[in-house]
>>> print(open('entry_17.cif').read())   # mmCIF, C-alpha atoms
data_model
#
loop_
_atom_site.label_atom_id
_atom_site.label_comp_id
_atom_site.auth_asym_id
_atom_site.auth_seq_id
_atom_site.Cartn_x
_atom_site.Cartn_y
_atom_site.Cartn_z
CA MET A 284 0.09 -221.52 -22.65
CA ALA A 285 -1.16 -218.03 -22.07
CA THR A 286 0.37 -215.31 -24.17
CA PHE A 287 0.95 -211.61 -23.57
CA LYS A 288 1.72 -208.61 -25.70
CA PHE A 289 5.40 -207.89 -26.24
CA GLU A 290 6.96 -204.89 -27.94
CA LEU A 291 10.62 -204.33 -28.66
CA VAL A 292 11.47 -200.82 -29.81
CA SER A 293 14.77 -199.14 -30.55
CA PRO A 294 15.19 -195.48 -31.50
CA ALA A 295 15.60 -196.54 -35.11
CA LYS A 296 12.46 -198.65 -35.38
CA LEU A 297 9.86 -200.95 -33.91
CA LEU A 298 11.58 -204.32 -34.04
CA PHE A 299 8.92 -206.63 -32.74
CA SER A 300 5.31 -206.33 -31.78
CA GLY A 301 3.07 -209.28 -31.10
CA ASP A 302 1.93 -211.97 -28.70
CA VAL A 303 4.49 -214.23 -27.08
CA GLU A 304 4.49 -216.84 -24.33
CA GLU A 305 7.76 -216.14 -22.66
CA VAL A 306 10.53 -213.55 -22.77
CA ILE A 307 13.84 -213.77 -20.93
CA VAL A 308 15.16 -210.27 -20.27
CA PRO A 309 18.77 -209.44 -19.34
CA GLY A 310 18.17 -207.05 -16.41
CA THR A 311 20.96 -205.12 -14.72
CA GLU A 312 20.45 -207.12 -11.56
CA GLY A 313 20.14 -210.46 -13.31
CA GLU A 314 18.11 -212.12 -15.98
CA PHE A 315 14.42 -212.53 -15.43
CA THR A 316 11.70 -214.33 -17.29
CA VAL A 317 8.42 -212.66 -18.05
CA LEU A 318 5.31 -214.82 -18.44
CA ALA A 319 1.71 -213.77 -18.83
CA GLY A 320 0.37 -212.13 -15.68
CA HIS A 321 3.76 -210.95 -14.42
CA THR A 322 3.66 -208.32 -11.70
CA PRO A 323 4.23 -204.72 -12.91
CA LEU A 324 7.95 -204.08 -13.02
CA VAL A 325 10.42 -201.55 -14.37
CA SER A 326 14.02 -202.57 -14.86
CA THR A 327 17.11 -201.35 -16.64
CA LEU A 328 18.93 -203.64 -19.05
CA ARG A 329 22.53 -204.68 -19.44
CA PRO A 330 24.04 -205.77 -22.75
CA GLY A 331 22.86 -209.28 -23.44
CA PHE A 332 20.41 -211.50 -25.23
CA LEU A 333 16.70 -211.15 -25.11
CA ARG A 334 15.14 -214.54 -25.75
CA LEU A 335 11.55 -214.85 -26.70
CA LYS A 336 9.55 -218.02 -27.12
CA ASN A 337 6.21 -218.63 -28.68
CA GLY A 338 5.29 -222.29 -28.85
CA THR A 339 8.09 -223.94 -30.75
CA ASP A 340 9.30 -220.65 -32.23
CA SER A 341 12.09 -218.83 -30.49
CA MET A 342 14.13 -215.77 -31.30
CA ASN A 343 17.32 -214.31 -29.89
CA VAL A 344 17.84 -210.59 -29.99
CA PHE A 345 20.92 -208.72 -28.85
CA VAL A 346 20.14 -205.62 -26.82
CA ARG A 347 22.53 -203.02 -25.53
CA SER A 348 21.21 -201.15 -22.52
CA GLY A 349 17.75 -199.75 -22.18
CA PHE A 350 14.60 -200.41 -20.17
CA ALA A 351 11.96 -203.03 -19.72
CA GLU A 352 8.52 -202.25 -18.42
CA VAL A 353 5.96 -204.84 -17.49
CA ASN A 354 2.44 -203.58 -17.00
CA GLU A 355 -1.00 -205.14 -17.06
CA THR A 356 -1.10 -205.16 -20.87
CA GLY A 357 2.29 -206.73 -21.46
CA LEU A 358 5.99 -206.12 -21.77
CA ILE A 359 7.68 -203.18 -23.47
CA VAL A 360 11.42 -203.21 -24.00
CA LEU A 361 13.10 -199.94 -24.96
CA ALA A 362 16.54 -200.84 -26.21
CA GLU A 363 19.12 -198.27 -27.15
CA GLU A 364 20.44 -200.70 -29.68
CA ALA A 365 18.87 -203.98 -30.72
CA ALA A 366 19.57 -206.47 -33.49
CA ARG A 367 18.68 -210.05 -34.28
CA ILE A 368 21.64 -212.32 -33.89
CA GLU A 369 21.64 -213.14 -37.59
CA ASP A 370 21.97 -209.44 -38.38
CA ILE A 371 24.99 -208.72 -36.21
CA ASN A 372 28.15 -208.02 -38.13
CA PRO A 373 31.12 -209.34 -36.08
CA ALA A 374 33.49 -206.74 -37.48
CA GLU A 375 31.17 -203.85 -36.59
CA PHE A 376 30.60 -205.34 -33.17
CA ALA A 377 34.33 -205.49 -32.54
CA ALA A 378 34.68 -201.92 -33.77
CA SER A 379 32.06 -200.68 -31.30
CA ILE A 380 33.99 -202.33 -28.44
CA THR A 381 37.23 -200.69 -29.54
CA ALA A 382 35.47 -197.32 -29.76
CA LEU A 383 34.20 -197.73 -26.23
CA GLU A 384 37.63 -198.68 -24.98
CA GLU A 385 39.06 -195.54 -26.49
CA LYS A 386 36.37 -193.48 -24.83
CA MET A 387 37.11 -195.13 -21.51
CA SER A 388 40.70 -193.95 -21.45
CA SER A 389 39.51 -190.34 -21.35
CA ALA A 390 36.57 -190.80 -18.97
CA THR A 391 36.24 -189.96 -15.28
CA ASP A 392 36.65 -192.66 -12.67
CA GLU A 393 32.98 -193.35 -12.08
CA ALA A 394 32.15 -193.51 -15.76
CA LYS A 395 35.24 -195.66 -16.24
CA ASN A 396 33.93 -198.37 -13.94
CA LYS A 397 30.63 -198.42 -15.74
CA MET A 398 32.29 -198.60 -19.12
CA ALA A 399 34.62 -201.36 -17.97
CA ASP A 400 31.55 -203.39 -16.96
CA THR A 401 29.94 -202.80 -20.33
CA ILE A 402 33.08 -203.76 -22.20
CA TYR A 403 33.41 -206.93 -20.16
CA GLN A 404 29.82 -207.88 -20.96
CA LEU A 405 30.20 -207.02 -24.61
CA LYS A 406 33.31 -209.15 -24.86
CA ALA A 407 31.50 -212.07 -23.28
CA ILE A 408 28.79 -211.67 -25.88
CA GLN A 409 31.38 -211.50 -28.60
CA THR A 410 32.83 -214.87 -27.64
CA GLN A 411 29.34 -216.31 -27.43
CA LEU A 412 28.60 -215.05 -30.89
CA ALA A 413 31.82 -216.43 -32.26
CA GLY A 414 31.16 -219.85 -30.76
CA GLY A 415 27.59 -219.85 -31.97
CA ALA A 416 26.59 -220.72 -28.41
CA ALA A 417 23.89 -218.08 -28.26
CA SER A 418 21.90 -219.49 -31.11
CA THR A 419 21.67 -222.93 -29.51
CA HIS A 420 19.69 -221.62 -26.53
CA MET B 18 19.11 -152.08 -75.49
CA ALA B 19 20.69 -155.48 -75.06
CA SER B 20 22.03 -157.09 -78.16
CA LEU B 21 20.67 -160.36 -79.50
CA LYS B 22 23.73 -162.22 -78.28
CA ASP B 23 23.26 -160.89 -74.73
CA LEU B 24 19.66 -162.01 -74.72
CA ARG B 25 20.59 -165.44 -76.00
CA ASN B 26 23.21 -165.81 -73.26
CA ARG B 27 20.76 -164.72 -70.60
CA ILE B 28 18.16 -167.26 -71.69
CA ALA B 29 20.78 -170.01 -71.74
CA SER B 30 21.90 -169.20 -68.20
CA VAL B 31 18.34 -169.18 -66.85
CA LYS B 32 17.75 -172.52 -68.53
CA ALA B 33 20.85 -173.95 -66.86
CA THR B 34 19.67 -172.66 -63.48
CA GLN B 35 16.27 -174.17 -64.06
CA LYS B 36 17.86 -177.54 -64.69
CA ILE B 37 19.75 -177.30 -61.41
CA THR B 38 16.72 -176.32 -59.35
CA LYS B 39 14.68 -179.06 -60.99
CA ALA B 40 17.33 -181.63 -60.08
CA MET B 41 17.53 -180.31 -56.52
CA GLN B 42 13.79 -180.60 -56.19
CA MET B 43 13.87 -184.22 -57.25
CA VAL B 44 16.76 -185.03 -54.93
CA ALA B 45 14.90 -183.35 -52.05
CA ALA B 46 11.77 -185.37 -52.86
CA ALA B 47 13.73 -188.62 -52.68
CA LYS B 48 15.48 -187.59 -49.46
CA LEU B 49 12.21 -186.42 -47.98
CA ARG B 50 10.70 -189.85 -48.34
CA ARG B 51 13.62 -191.40 -46.49
CA ALA B 52 13.62 -188.73 -43.78
CA GLN B 53 9.91 -189.12 -43.29
CA MET B 54 10.25 -192.87 -42.89
CA ALA B 55 13.03 -192.42 -40.34
CA ALA B 56 10.91 -189.94 -38.38
CA GLU B 57 7.96 -192.30 -38.35
CA ALA B 58 10.10 -195.27 -37.34
CA ALA B 59 11.41 -193.35 -34.34
CA ARG B 60 7.99 -192.38 -33.11
CA PRO B 61 7.05 -195.57 -31.17
CA TYR B 62 10.23 -195.39 -29.11
CA ALA B 63 9.62 -191.79 -28.10
CA GLU B 64 6.00 -192.53 -27.24
CA ARG B 65 6.81 -195.52 -25.02
CA MET B 66 9.62 -193.55 -23.42
CA ASP B 67 7.19 -190.75 -22.56
CA ALA B 68 4.76 -193.23 -21.06
CA ILE B 69 7.36 -194.92 -18.85
CA LEU B 70 8.89 -191.63 -17.78
CA ALA B 71 5.52 -190.12 -16.89
CA ASN B 72 4.75 -193.22 -14.91
CA ILE B 73 7.86 -193.14 -12.77
CA ALA B 74 8.15 -189.37 -12.61
CA ASN B 75 4.69 -189.00 -11.13
CA LYS B 76 5.77 -191.20 -8.27
CA VAL B 77 9.05 -189.49 -7.58
CA ALA B 78 8.03 -185.91 -8.37
CA GLY B 79 7.52 -183.77 -5.34
CA GLN B 80 9.65 -185.99 -3.18
CA PRO B 81 12.76 -184.33 -1.80
CA GLY B 82 15.16 -186.80 -3.41
CA ALA B 83 13.98 -186.14 -6.96
CA PRO B 84 16.86 -185.68 -9.42
CA ALA B 85 17.52 -182.17 -10.66
CA LEU B 86 17.05 -183.18 -14.29
CA LEU B 87 13.42 -183.90 -13.50
CA GLY B 88 12.45 -181.26 -10.99
CA GLY B 89 14.68 -178.44 -12.23
CA THR B 90 17.09 -176.45 -10.09
CA GLY B 91 14.30 -174.47 -8.54
CA LYS B 92 15.57 -171.34 -10.27
CA ASP B 93 14.69 -169.74 -13.56
CA ASP B 94 17.62 -167.40 -14.11
CA VAL B 95 19.76 -168.88 -16.85
CA HIS B 96 18.11 -170.17 -19.98
CA MET B 97 19.79 -172.47 -22.46
CA LEU B 98 18.43 -172.41 -25.99
CA LEU B 99 19.30 -175.39 -28.13
CA VAL B 100 18.67 -174.26 -31.69
CA CYS B 101 18.58 -177.03 -34.29
CA THR B 102 18.81 -175.96 -37.92
CA ALA B 103 20.07 -177.40 -41.18
CA GLU B 104 23.62 -177.51 -42.45
CA ARG B 105 22.68 -176.29 -45.90
CA GLY B 106 20.72 -173.42 -47.28
CA LEU B 107 18.51 -173.17 -50.36
CA CYS B 108 15.50 -174.44 -48.47
CA GLY B 109 13.22 -171.45 -48.35
CA ALA B 110 12.44 -169.93 -44.98
CA PHE B 111 13.29 -173.12 -43.09
CA ASN B 112 16.43 -171.95 -41.29
CA SER B 113 15.38 -168.36 -40.83
CA SER B 114 12.01 -169.21 -39.31
CA ILE B 115 13.61 -171.40 -36.64
CA ALA B 116 16.24 -168.74 -35.99
CA ARG B 117 13.57 -166.05 -35.78
CA LEU B 118 11.61 -168.02 -33.19
CA ALA B 119 14.77 -168.52 -31.13
CA ARG B 120 15.76 -164.87 -31.52
CA ASP B 121 12.37 -163.61 -30.36
CA ARG B 122 12.49 -165.92 -27.36
CA ALA B 123 16.03 -164.87 -26.51
CA ASN B 124 15.16 -161.18 -26.77
CA ALA B 125 12.09 -161.65 -24.58
CA LEU B 126 14.17 -163.48 -21.97
CA ILE B 127 16.89 -160.85 -21.98
CA ALA B 128 14.27 -158.13 -21.64
CA ALA B 129 12.92 -160.00 -18.61
CA GLY B 130 16.36 -159.84 -17.02
CA LYS B 131 17.36 -163.49 -17.55
CA THR B 132 20.68 -164.74 -18.79
CA VAL B 133 20.58 -166.50 -22.13
CA LYS B 134 23.00 -169.08 -23.49
CA ILE B 135 22.72 -170.61 -26.92
CA ILE B 136 23.93 -173.86 -28.39
CA CYS B 137 23.61 -174.08 -32.16
CA VAL B 138 23.18 -177.43 -33.84
CA GLY B 139 23.73 -176.88 -37.53
CA ARG B 140 25.79 -174.24 -39.25
CA LYS B 141 22.98 -172.21 -40.76
CA GLY B 142 21.39 -171.28 -37.47
CA TYR B 143 24.77 -170.20 -36.19
CA ASP B 144 25.35 -168.00 -39.25
CA ILE B 145 22.11 -166.16 -38.57
CA LEU B 146 22.29 -165.95 -34.79
CA ARG B 147 25.93 -165.01 -34.35
CA ARG B 148 25.28 -161.54 -35.74
CA ILE B 149 23.11 -160.65 -32.77
CA PHE B 150 24.06 -163.14 -30.08
CA ALA B 151 27.77 -163.58 -30.62
CA LYS B 152 28.39 -163.42 -26.87
CA GLN B 153 25.58 -165.76 -25.89
CA ILE B 154 26.51 -168.64 -28.16
CA VAL B 155 28.49 -171.09 -26.05
CA GLU B 156 28.84 -173.95 -28.48
CA VAL B 157 28.27 -174.88 -32.09
CA ILE B 158 27.64 -178.51 -32.92
CA ASP B 159 28.38 -179.36 -36.50
CA LEU B 160 26.62 -182.30 -38.10
CA ARG B 161 27.97 -181.67 -41.58
CA GLY B 162 30.06 -184.81 -41.64
CA VAL B 163 27.13 -186.98 -40.64
CA ARG B 164 25.66 -188.86 -43.54
CA GLN B 165 22.93 -190.83 -41.86
CA LEU B 166 21.53 -189.24 -38.74
CA GLY B 167 21.70 -191.80 -35.94
CA TYR B 168 20.67 -192.04 -32.33
CA ASP B 169 24.34 -191.75 -31.39
CA ASN B 170 24.49 -188.17 -32.71
CA ALA B 171 21.56 -187.22 -30.52
CA ALA B 172 23.00 -189.05 -27.52
CA GLU B 173 26.23 -187.11 -27.89
CA ILE B 174 24.41 -183.77 -27.92
CA ALA B 175 22.32 -184.82 -24.94
CA GLN B 176 25.46 -185.80 -23.05
CA LYS B 177 26.97 -182.38 -23.60
CA ILE B 178 23.81 -180.71 -22.33
CA VAL B 179 23.63 -182.90 -19.24
CA ALA B 180 27.28 -182.19 -18.48
CA ARG B 181 26.64 -178.46 -18.68
CA TYR B 182 23.51 -178.79 -16.59
CA GLU B 183 25.31 -180.73 -13.90
CA ALA B 184 28.03 -178.11 -13.89
CA GLY B 185 25.28 -175.63 -13.02
CA GLU B 186 25.56 -173.61 -16.20
CA PHE B 187 21.83 -173.17 -16.73
CA ASP B 188 18.42 -173.76 -15.16
CA VAL B 189 16.04 -174.24 -18.05
CA CYS B 190 16.71 -175.73 -21.46
CA THR B 191 14.51 -175.19 -24.48
CA LEU B 192 14.82 -177.01 -27.77
CA PHE B 193 14.06 -175.23 -31.05
CA TYR B 194 13.30 -177.19 -34.18
CA SER B 195 10.83 -177.38 -37.01
CA ARG B 196 7.97 -179.82 -36.71
CA PHE B 197 7.13 -181.59 -39.94
CA LYS B 198 3.42 -181.22 -40.65
CA SER B 199 3.37 -181.68 -44.40
CA VAL B 200 5.54 -181.00 -47.42
CA ILE B 201 4.29 -177.45 -47.65
CA SER B 202 3.92 -176.77 -43.94
CA GLN B 203 6.67 -176.94 -41.32
CA ILE B 204 6.04 -175.41 -37.95
CA PRO B 205 8.93 -173.91 -35.97
CA THR B 206 8.53 -175.24 -32.46
CA ALA B 207 9.98 -174.50 -29.05
CA GLN B 208 9.96 -177.34 -26.56
CA GLN B 209 11.19 -177.21 -23.00
CA ILE B 210 13.30 -180.28 -22.26
CA ILE B 211 14.86 -179.46 -18.89
CA PRO B 212 12.93 -179.74 -16.66
CA PRO B 213 10.77 -181.94 -18.88
CA GLN B 214 7.14 -181.12 -19.34
CA LEU B 215 5.28 -184.27 -18.52
CA PRO B 216 1.84 -185.11 -19.79
CA GLU B 217 -0.81 -184.32 -17.22
CA THR B 218 -2.08 -187.35 -15.42
CA SER B 219 -5.78 -187.77 -15.04
CA SER B 220 -7.21 -187.19 -11.60
CA GLU B 221 -8.19 -190.83 -11.48
CA ALA B 222 -4.62 -191.96 -11.96
CA LYS B 223 -3.42 -189.41 -9.42
CA ALA B 224 -5.77 -190.81 -6.84
CA GLY B 225 -3.93 -194.09 -7.29
CA THR B 226 -7.03 -196.14 -8.04
CA ASN B 227 -5.85 -197.36 -11.42
CA THR B 228 -2.08 -197.16 -11.33
CA PRO B 229 -0.51 -200.50 -10.62
CA VAL B 230 2.20 -200.70 -8.03
CA TYR B 231 5.47 -201.23 -9.86
CA GLU B 232 8.49 -203.06 -8.68
CA TYR B 233 11.75 -201.37 -9.50
CA GLU B 234 15.00 -203.05 -10.34
CA PRO B 235 17.31 -201.35 -9.33
CA SER B 236 15.71 -198.61 -7.20
CA GLU B 237 13.46 -195.88 -8.59
CA GLU B 238 16.16 -193.25 -8.19
CA GLU B 239 18.73 -195.27 -10.09
CA ILE B 240 16.33 -196.03 -12.91
CA LEU B 241 15.35 -192.39 -13.11
CA ALA B 242 18.99 -191.32 -13.18
CA ASP B 243 19.47 -193.58 -16.18
CA LEU B 244 16.15 -192.78 -17.80
CA LEU B 245 16.28 -188.99 -17.75
CA PRO B 246 19.43 -188.48 -19.86
CA ARG B 247 18.13 -191.09 -22.25
CA ASN B 248 14.82 -189.30 -22.50
CA LEU B 249 16.72 -186.13 -23.30
CA ALA B 250 18.59 -187.93 -26.07
CA THR B 251 15.31 -189.27 -27.41
CA GLN B 252 13.80 -185.79 -27.51
CA VAL B 253 16.85 -184.41 -29.31
CA PHE B 254 16.79 -187.33 -31.70
CA ARG B 255 13.15 -186.74 -32.47
CA ALA B 256 13.81 -183.04 -33.06
CA LEU B 257 16.70 -183.83 -35.40
CA LEU B 258 14.63 -186.27 -37.41
CA GLU B 259 11.67 -183.90 -37.64
CA ASN B 260 14.10 -181.22 -38.69
CA ALA B 261 15.61 -183.42 -41.40
CA ALA B 262 12.19 -184.15 -42.84
CA SER B 263 11.16 -180.50 -42.60
CA GLU B 264 14.34 -179.35 -44.29
CA GLN B 265 13.80 -181.59 -47.28
CA GLY B 266 10.13 -180.61 -47.48
CA ALA B 267 11.02 -176.92 -47.38
CA ARG B 268 13.74 -177.39 -49.97
CA MET B 269 11.38 -179.29 -52.23
CA SER B 270 8.78 -176.54 -52.27
CA ALA B 271 11.41 -173.81 -52.53
CA MET B 272 13.01 -175.51 -55.52
CA ASP B 273 9.63 -176.14 -57.09
CA ASN B 274 8.95 -172.41 -56.88
CA ALA B 275 12.37 -171.60 -58.29
CA THR B 276 11.84 -173.93 -61.23
CA ARG B 277 8.51 -172.31 -61.99
CA ASN B 278 9.96 -168.81 -61.72
CA ALA B 279 12.76 -169.77 -64.09
CA GLY B 280 10.14 -171.03 -66.55
CA ASP B 281 8.29 -167.69 -66.39
CA MET B 282 11.51 -165.80 -66.87
CA ILE B 283 12.49 -167.87 -69.90
CA LYS B 284 9.09 -167.21 -71.45
CA LYS B 285 9.38 -163.46 -70.93
CA GLN B 286 12.93 -163.29 -72.23
CA THR B 287 12.12 -165.39 -75.27
CA ILE B 288 9.42 -162.87 -76.19
CA THR B 289 11.86 -159.97 -75.80
CA TYR B 290 14.40 -161.89 -77.84
CA ASN B 291 11.96 -162.53 -80.68
CA ARG B 292 10.76 -158.93 -80.68
CA THR B 293 14.30 -157.62 -80.85
CA ARG B 294 15.13 -160.03 -83.65
CA GLN B 295 12.06 -158.99 -85.67
CA ALA B 296 12.75 -155.32 -85.05
CA MET B 297 16.23 -155.76 -86.43
CA ILE B 298 14.99 -157.52 -89.54
CA THR B 299 12.44 -154.77 -90.13
CA LYS B 300 15.09 -152.14 -89.62
CA GLU B 301 17.40 -153.78 -92.16
CA LEU B 302 14.56 -154.06 -94.68
CA ILE B 303 13.69 -150.40 -94.25
CA GLU B 304 17.31 -149.47 -94.78
CA ILE B 305 17.52 -151.52 -98.01
CA ILE B 306 14.20 -150.22 -99.38
CA SER B 307 14.90 -146.57 -98.60
CA GLY B 308 18.35 -147.00 -100.14
CA ALA B 309 16.79 -148.41 -103.33
CA GLU B 310 14.19 -145.58 -103.46
CA ALA B 311 16.87 -142.91 -103.21
CA LEU B 312 18.46 -144.09 -106.42
#
>>> encode(input="entry_17.cif", output="structure tokens")
Amino acid sequence: MATFKFELVSPAKLLFSGDVEEVIVPGTEGEFTVLAGHTPLVSTLRPGFLRLKNGTDSMNVFVRSGFAEVNETGLIVLAEEAARIEDINPAEFAASITALEEKMSSATDEAKNKMADTIYQLKAIQTQLAGGAASTH
Amino acid sequence: MASLKDLRNRIASVKATQKITKAMQMVAAAKLRRAQMAAEAARPYAERMDAILANIANKVAGQPGAPALLGGTGKDDVHMLLVCTAERGLCGAFNSSIARLARDRANALIAAGKTVKIICVGRKGYDILRRIFAKQIVEVIDLRGVRQLGYDNAAEIAQKIVARYEAGEFDVCTLFYSRFKSVISQIPTAQQIIPPQLPETSSEAKAGTNTPVYEYEPSEEEILADLLPRNLATQVFRALLENAASEQGARMSAMDNATRNAGDMIKKQTITYNRTRQAMITKELIEIISGAEAL
């Protein structure tokens, strides 16, 4: 299968750079799969799992908001926060949700809705992580 | 003339100081390596961010619906200076050179009849600037409690700036920090972040021959509204990291100088000490001999 160049960067570091066959990206308006030769696209991300496949290899990466850009050379994902599933610490993850919930109580209405969405998605991810469901994909 | 005991004490105190500066230099060297690595690791993100932003911005720029964060308010009356300095001193001219750059800019703007507002990030810059611009400083952001500088710190600062911008408090925002060139050279830099200065597109790209047509999900405006504050945070983050590396570099060379100076001083004082000691011995001998001759 044809491959394309994929880069995953977070502010802290360059997490992944290389050729892959397929990447499933959690876009704000739904997940989409990027294959080689995808039409140029810019999308925002929601919290979720980025799944990349290369032959028999596959990797799951948690991303928390950011951008994905597909251009003629490949796919670039700019994630505000990104971590491989193995590296996620459940306690820290829970703490980040609690912190967000605290912030929400003092936010304005519009921001509140947005944050409520994020918290809902994060909690869904948390249960997935706990059940180990994400790693079986 | 100082007594022998005084001289001995003085030499001992310089030696103690030298030990401290030597230790500080080594600590700075170790921290510098870490700061430099962090700055380098953050570079790809900022570069890709620039590329994507330039791409979208070129499409939306000039259109009436462009967000204010991108196109500016159309005025140039109130300037916000975001001055990033260190939390600690003892790092040579690092803090004062950033503050001087900001001060010169502020004075020039005031002379041109503009209103100036200042946000200080870091205590040292505030200490210097508050003497002259006590009225202009609107906020001081303290990062003293932060052990490891993270993206979250930058995002928080960016959020505050965006909130002020949306409240119509200023028209143009400029970021002051020190760019890390090498251990011995840090360049104080002023960078305009609102409205952002985008890289010039080539005429070929402008003509639309080479730029692919992008699909946007959600719409361009919504993406831009999300992207612009994030870009701001990225710029602040980059400035903070560059600053951290510069600070350690400046401290390292300052402490290296101090250690060398202390060495010179010890050498000079040891000579004085020995001379005084010998003079005293000679004096005592003369006293004994002349006493014996008088008999």
>>> closest_residue(input="entry_17.cif", among="A:Arg329, A:Lys406, A:Leu335, A:Lys397", to="Leu358 in chain A", atoms="all atoms listed in the file")
A:Leu335
>>> resolve_selection(input="entry_17.cif", expression="the PyMOL selection byres ((chain B) within 7 of (chain A))", output="VMD selection string")
chain B and resid 58 to 59 61 to 62 168 229 to 235 240
>>> residues_around(input="entry_17.cif", residues="Leu49 in chain B", least_positions_apart="4", cutoff="6 Å", atoms="only C-alpha atoms", output="number ranges by chain")
B: 45, 53, 262, 265
>>> atom_distance(input="entry_17.cif", atom1="CA of Ala267 in chain B", atom2="CA of Ala125 in chain B")
27.5 Å
>>> residues_around(input="entry_17.cif", residues="Ile127 in chain B", least_positions_apart="5", cutoff="10 Å", atoms="all atoms listed in the file", output="ChimeraX atom specification")
/B:95-96,121-122,132-133
>>> write_last_selection(input="entry_17.cif", atoms="C-alpha atoms", output="short mmCIF file (atom, residue, chain, number, x, y, z; two decimals), in the coordinates of the input")
data_model
loop_
_atom_site.label_atom_id
_atom_site.label_comp_id
_atom_site.auth_asym_id
_atom_site.auth_seq_id
_atom_site.Cartn_x
_atom_site.Cartn_y
_atom_site.Cartn_z
CA VAL B 95 19.76 -168.88 -16.85
CA HIS B 96 18.11 -170.17 -19.98
CA ASP B 121 12.37 -163.61 -30.36
CA ARG B 122 12.49 -165.92 -27.36
CA THR B 132 20.68 -164.74 -18.79
CA VAL B 133 20.58 -166.50 -22.13
#
>>> resolve_selection(input="entry_17.cif", expression="the PyMOL selection byres ((chain B and resi 153-156) around 9)", output="JSON, numbers by chain")
{"B": [132, 133, 134, 135, 136, 137, 138, 143, 146, 147, 149, 150, 151, 152, 157, 158]}
>>> resolve_selection(input="entry_17.cif", expression="the PyMOL selection byres ((chain B and resi 199) around 10)", output="JSON, numbers by chain")
{"B": [53, 196, 197, 198, 200, 201, 202, 203, 204, 262, 263, 266, 267]}
>>> closest_residue(input="entry_17.cif", among="B:Ala103, B:Ile28, B:Ala172, B:Cys108", to="Asp273 in chain B", atoms="all atoms listed in the file")
B:Cys108
>>> closest_residue(input="entry_17.cif", among="A:Ile307, A:Met398, A:Ala413, A:Ala378", to="Val346 in chain A", atoms="all atoms listed in the file")
A:Ile307
>>> atom_distance(input="entry_17.cif", atom1="CA of Ala129 in chain B", atom2="CA of Ala110 in chain B")
28.2 Å
>>> closest_residue(input="entry_17.cif", among="B:Ser30, B:Asn260, B:Gln214, B:Asn278", to="Ala52 in chain B", atoms="all atoms listed in the file")
B:Asn260
>>> closest_residue(input="entry_17.cif", among="B:Arg292, B:Arg247, B:Arg120, B:Arg161", to="Ala207 in chain B", atoms="only C-alpha atoms")
B:Arg120
>>> atom_distance(input="entry_17.cif", atom1="CA of Leu333 in chain A", atom2="CA of Lys76 in chain B")
28.3 Å
>>> residues_around(input="entry_17.cif", residues="range 336-341 of chain A", least_positions_apart="6", cutoff="12 Å", atoms="only C-alpha atoms", output="PDB file with C-alpha atoms, keeping the file's coordinate frame")
ATOM      1  CA  MET A 284       0.090-221.520 -22.650  1.00  0.00           C
ATOM      2  CA  ALA A 285      -1.160-218.030 -22.070  1.00  0.00           C
ATOM      3  CA  THR A 286       0.370-215.310 -24.170  1.00  0.00           C
ATOM      4  CA  PHE A 287       0.950-211.610 -23.570  1.00  0.00           C
ATOM      5  CA  LYS A 288       1.720-208.610 -25.700  1.00  0.00           C
ATOM      6  CA  PHE A 289       5.400-207.890 -26.240  1.00  0.00           C
ATOM      7  CA  GLY A 301       3.070-209.280 -31.100  1.00  0.00           C
ATOM      8  CA  ASP A 302       1.930-211.970 -28.700  1.00  0.00           C
ATOM      9  CA  VAL A 303       4.490-214.230 -27.080  1.00  0.00           C
ATOM     10  CA  GLU A 304       4.490-216.840 -24.330  1.00  0.00           C
ATOM     11  CA  GLU A 305       7.760-216.140 -22.660  1.00  0.00           C
ATOM     12  CA  VAL A 306      10.530-213.550 -22.770  1.00  0.00           C
ATOM     13  CA  ILE A 307      13.840-213.770 -20.930  1.00  0.00           C
ATOM     14  CA  VAL A 308      15.160-210.270 -20.270  1.00  0.00           C
ATOM     15  CA  THR A 316      11.700-214.330 -17.290  1.00  0.00           C
ATOM     16  CA  VAL A 317       8.420-212.660 -18.050  1.00  0.00           C
ATOM     17  CA  LEU A 318       5.310-214.820 -18.440  1.00  0.00           C
ATOM     18  CA  ALA A 319       1.710-213.770 -18.830  1.00  0.00           C
ATOM     19  CA  ARG A 367      18.680-210.050 -34.280  1.00  0.00           C
ATOM     20  CA  SER A 418      21.900-219.490 -31.110  1.00  0.00           C
ATOM     21  CA  THR A 419      21.670-222.930 -29.510  1.00  0.00           C
ATOM     22  CA  HIS A 420      19.690-221.620 -26.530  1.00  0.00           C
TER      23      HIS A 420
END
>>> closest_residue(input="entry_17.cif", among="B:Ile210, B:Ala256, B:Ala47, B:Ala275", to="Gly88 in chain B", atoms="all atoms listed in the file")
B:Ile210
>>> axis_aligned_box(input="entry_17.cif", around="range 60-79 of chain B", padding_each_side="5 Å", output="lines of an AutoDock Vina configuration file")
center_x = 7.5
center_y = -189.7
center_z = -19.2
size_x = 15.5
size_y = 21.8
size_z = 37.8
>>> residues_around(input="entry_17.cif", residues="Ser379 in chain A", least_positions_apart="4", cutoff="12 Å", atoms="only C-alpha atoms", output="list in words")
Arg347, Glu364, Ile371, Asn372, Pro373, Ala374, Glu375, Leu383, Glu384, Glu385, Lys386, Thr401, Ile402, Leu405, Lys406 and Gln409 of chain A; Asp169 of chain B
